[in-house]
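*Asks:* Before we start, here is the structure in question, set down as structure tokens.
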Amino acid sequence: MTARILYGKEFAAKIREEARREAERLRRETGVTPGLAVVIAGHDPASEVYVRNKHKACDELGLFSLAVELPETATREELLAKIDDLNHDERIHGILVQLPLPKALAAAESEVLFRIDPAKDVDGFHPVNVGRLSIGEAALVPCTPAGCVRMLELAGIPIDGARAVVIGRSNIVGKPMMNLLLQRSATVTVCHSHTKDLAAITREADILVAAVGRPGFVTADMVKPGATVIDVGINRVAPKKLVGDVDFEAVSEVAGAITPVPGGVGLLTIAMLMQNTVTAAKLQMTK
Ligand code: GUN
């Protein structure tokens with residue numbers, strides 16, 4: 001069998017178009033343009049690329065975007081003061097602090113993220129949003145897992161009643177993915193580095209999500225024939241070569257559908273960030 005390849009580009013375009021239309025309607029009806037602030041401290045080259053792409057996406061969709069650049073030497077107090085300003089800035093409906101923070105600020109990461117007004121928390125990292133997602137209330141949801149689930153829906157892959165296995169238990173991907181799939185009535189198992197006989201569990205999955213951070217971790221013998229395999233890993237194995245967590249060549253001979261890396265779910269993250277910014281603006285207008 002050769003799997004259907006789920007290209008992120010196709011699904012990202014649909015999500016972006018939905019966000020663009022919603023933003024346009026909001027502007028027409030209320031005069032408000034959704035606005036996103038991206039805060040970056042220091043000069044991590046990969047982060048700078050991601051941040052540029054976020055501003056570009058805002059421009060393309062007609063969203064307001066604000067770049068907040070702090071030096072590598074910024075203090076915890078300066079960063080918190082900046083977030084306080086943005087929490088009160090009426091032009092801004094979404095705030096994203098680009099991670100990782102510089103080493104000197106790393107210990108303050110939780111404090112910084114939790115300072116963001118939950119209504120503007122477009123990363124969905126604030127405990128209020130984490131809690132709301134887990135009890136099934138309207139919440140801002142982390143962009144990567146939200147994008148993956150939206151892609152499954154757009155691709156017509158059934159979630160209700162499916163056996164879903166998530167490998168990885170991070171707060172950014174694994175745990176919110178578990179909650180999103182559970183909310184849609186999948187039977188969800190979360191595996192991690194201490195899981196025993198991992199392959200026996202993954203072979204049960206109709207939907208297998210890999211978010212481990214290890215190149216080629218998911219091999220063909222771990223996949224049930226016909227399963228949908230979502231690869232959230234982005235691993236740099238050479239200066240210009242990125243690979244996922246899944247052995248794409250071998251697994252695509254077994255799976256029914258599979259996302260490639262690059263060109264897979266990575267593209268959904270920014271699309272979902274745009275959607276979250278519009279959602280945040282709408283929620284703030286109706287408050
Ligand atoms: N750096 C890498 N991924 C992410 C993300 O999802 N959100 C933020 N804020 N920073 C990141």
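Chain identifiers are assigned as A, B, and so on, following the order in which chains appear in the structure tokens; residues are numbered from 1 within each chain, and ligands are numbered from 1 in order of appearance.
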Would you tabulate, counting only C-alpha atoms, all residues of region 57-115 of chain A that have an atom at most 8 Å from an atom of region 260-276 of chain A, showing the closest pair of atoms and their distance in Å to one decimal, sorted by chain then ascending number, as a Markdown table?
*Replies:*
```
| residue | atom | partner | partner_atom | distance |
| --- | --- | --- | --- | --- |
| A:Ala57 | CA | A:Ile270 | CA | 7.5 |
| A:Cys58 | CA | A:Met274 | CA | 7.0 |
| A:Gly94 | CA | A:Asn276 | CA | 7.8 |
```
*Asks:* How would you report the residues lying within 12 Å of ligand 1, as a ChimeraX atom specification, if you count only C-alpha atoms and all ligand atoms?
*Replies:* /A:37-41,44-51,54,94-101,109-110,112-113,116,121-126,141-147,170-173,176,232-234,266-273
*Asks:* Identify, with DSSP run on backbone atoms, the residues in region 45-236 of chain A assigned to helix (DSSP H, G or I), and express the list as JSON, numbers by chain.
*Replies:* {"A": [45, 46, 47, 48, 49, 50, 51, 52, 53, 54, 55, 56, 57, 58, 59, 60, 61, 76, 77, 78, 79, 80, 81, 82, 83, 84, 85, 86, 87, 103, 104, 105, 106, 107, 108, 109, 110, 111, 112, 113, 114, 115, 118, 119, 120, 127, 128, 129, 130, 131, 132, 133, 134, 143, 144, 145, 146, 147, 148, 149, 150, 151, 152, 153, 154, 174, 175, 176, 177, 178, 179, 180, 181, 182, 183, 198, 199, 200, 201, 202, 220, 221, 222]}
*Asks:* In Å to one decimal, how far is CA of Gly256 (chain A) from CA of Ala211 (chain A)?
*Replies:*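 For CA of Ala211 (chain A) relative to CA of Gly256 (chain A), the distance reads 19.1 Å.
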*Asks:* What parts of region 7-233 of chain A does DSSP call strand (DSSP E)? I'd like the answer as a ChimeraX atom specification.
*Replies:* /A:35-41,64-70,94-97,163-167,187-191,207-210,228-231
*Asks:* Would you please work out which residue, of A:Val218, A:Arg28, A:His93, A:Glu137, is nearest to Ala119 (chain A) when using only C-alpha atoms?
*Replies:*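 Smallest distance to Ala119 (chain A) is found for A:His93.
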*Asks:* Applying 7 Å and only C-alpha atoms, which residues near Gly42 (chain A) remain after dropping the ones on its own chain fewer than 3 positions away? List them as a PDB file with N, CA, C and O atoms, in the first residue's frame.
*Replies:*
```
ATOM      1  N   LEU A  70      13.373  42.428  22.017  1.00  0.00           N
ATOM      2  CA  LEU A  70      14.139  42.767  23.217  1.00  0.00           C
ATOM      3  C   LEU A  70      15.547  42.198  23.057  1.00  0.00           C
ATOM      4  O   LEU A  70      15.732  41.168  22.407  1.00  0.00           O
ATOM      5  N   PRO A  71      16.534  42.873  23.667  1.00  0.00           N
ATOM      6  CA  PRO A  71      17.906  42.351  23.537  1.00  0.00           C
ATOM      7  C   PRO A  71      18.093  41.068  24.334  1.00  0.00           C
ATOM      8  O   PRO A  71      17.318  40.775  25.251  1.00  0.00           O
ATOM      9  N   GLU A  72      19.119  40.330  23.964  1.00  0.00           N
ATOM     10  CA  GLU A  72      19.525  39.101  24.665  1.00  0.00           C
ATOM     11  C   GLU A  72      19.652  39.343  26.178  1.00  0.00           C
ATOM     12  O   GLU A  72      19.398  38.460  26.997  1.00  0.00           O
ATOM     13  N   PRO A 102      16.130  33.396  25.869  1.00  0.00           N
ATOM     14  CA  PRO A 102      17.580  33.328  26.114  1.00  0.00           C
ATOM     15  C   PRO A 102      17.864  32.674  27.476  1.00  0.00           C
ATOM     16  O   PRO A 102      17.015  32.741  28.368  1.00  0.00           O
TER      17      PRO A 102
END
```
*Asks:* Counting only C-alpha atoms, figure out which residue out of A:Ala13, A:Leu86, A:Val209, A:Val254 gets nearest to Lys224 (chain A).
*Replies:*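 Going through A:Ala13, A:Leu86, A:Val209, A:Val254 one by one, the smallest distance to Lys224 (chain A) is for A:Val254.
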*Asks:* Give me, as an MDAnalysis selection string, all polymer residues having an atom no more than 12 Å from Leu181 (chain A), counting only C-alpha atoms and skipping those fewer than 5 positions away in the same chain.
*Replies:* chainID A and resid 133:134 136 145:146 148:150 152:153 158:166 173:176 186:190 207:209
*Asks:* Using Å and a single decimal, report how far CA of Val229 (chain A) sits from CA of Glu253 (chain A).
*Replies:* 11.6 Å
*Asks:* From the set A:Leu140, A:Ala200, A:Val246, A:Ile135, which residue has the shortest atom-to-atom contact distance to Gln183 (chain A), counting only C-alpha atoms?
*Replies:* A:Ile135
*Asks:* Fewer than 6 positions away in the same chain doesn't count, so skip those; otherwise give me all residues within 10 Å of Pro215 (chain A), counting only C-alpha atoms, as a list in words.
*Replies:*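 The residues that qualify are Gly233, Ile234, Asn235, Arg236, Val237, Leu242, Val243, Gly244, Asp245, Val246 and Asp247 of chain A.
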*Asks:* From the options A:Thr195, A:Thr279, A:Thr30, A:Met151, which residue's atoms come nearest to Gly8 (chain A), counting only C-alpha atoms?
*Replies:*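 Ranked by minimum distance to Gly8 (chain A), first place goes to A:Met151.
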*Asks:* I need the residue nearest Ala257 (chain A) from this list: A:Met222, A:Ala155, A:Val32, A:Leu80. Use only C-alpha atoms for the distance.
*Replies:*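 Under the stated criterion, the closest residue is A:Ala155.
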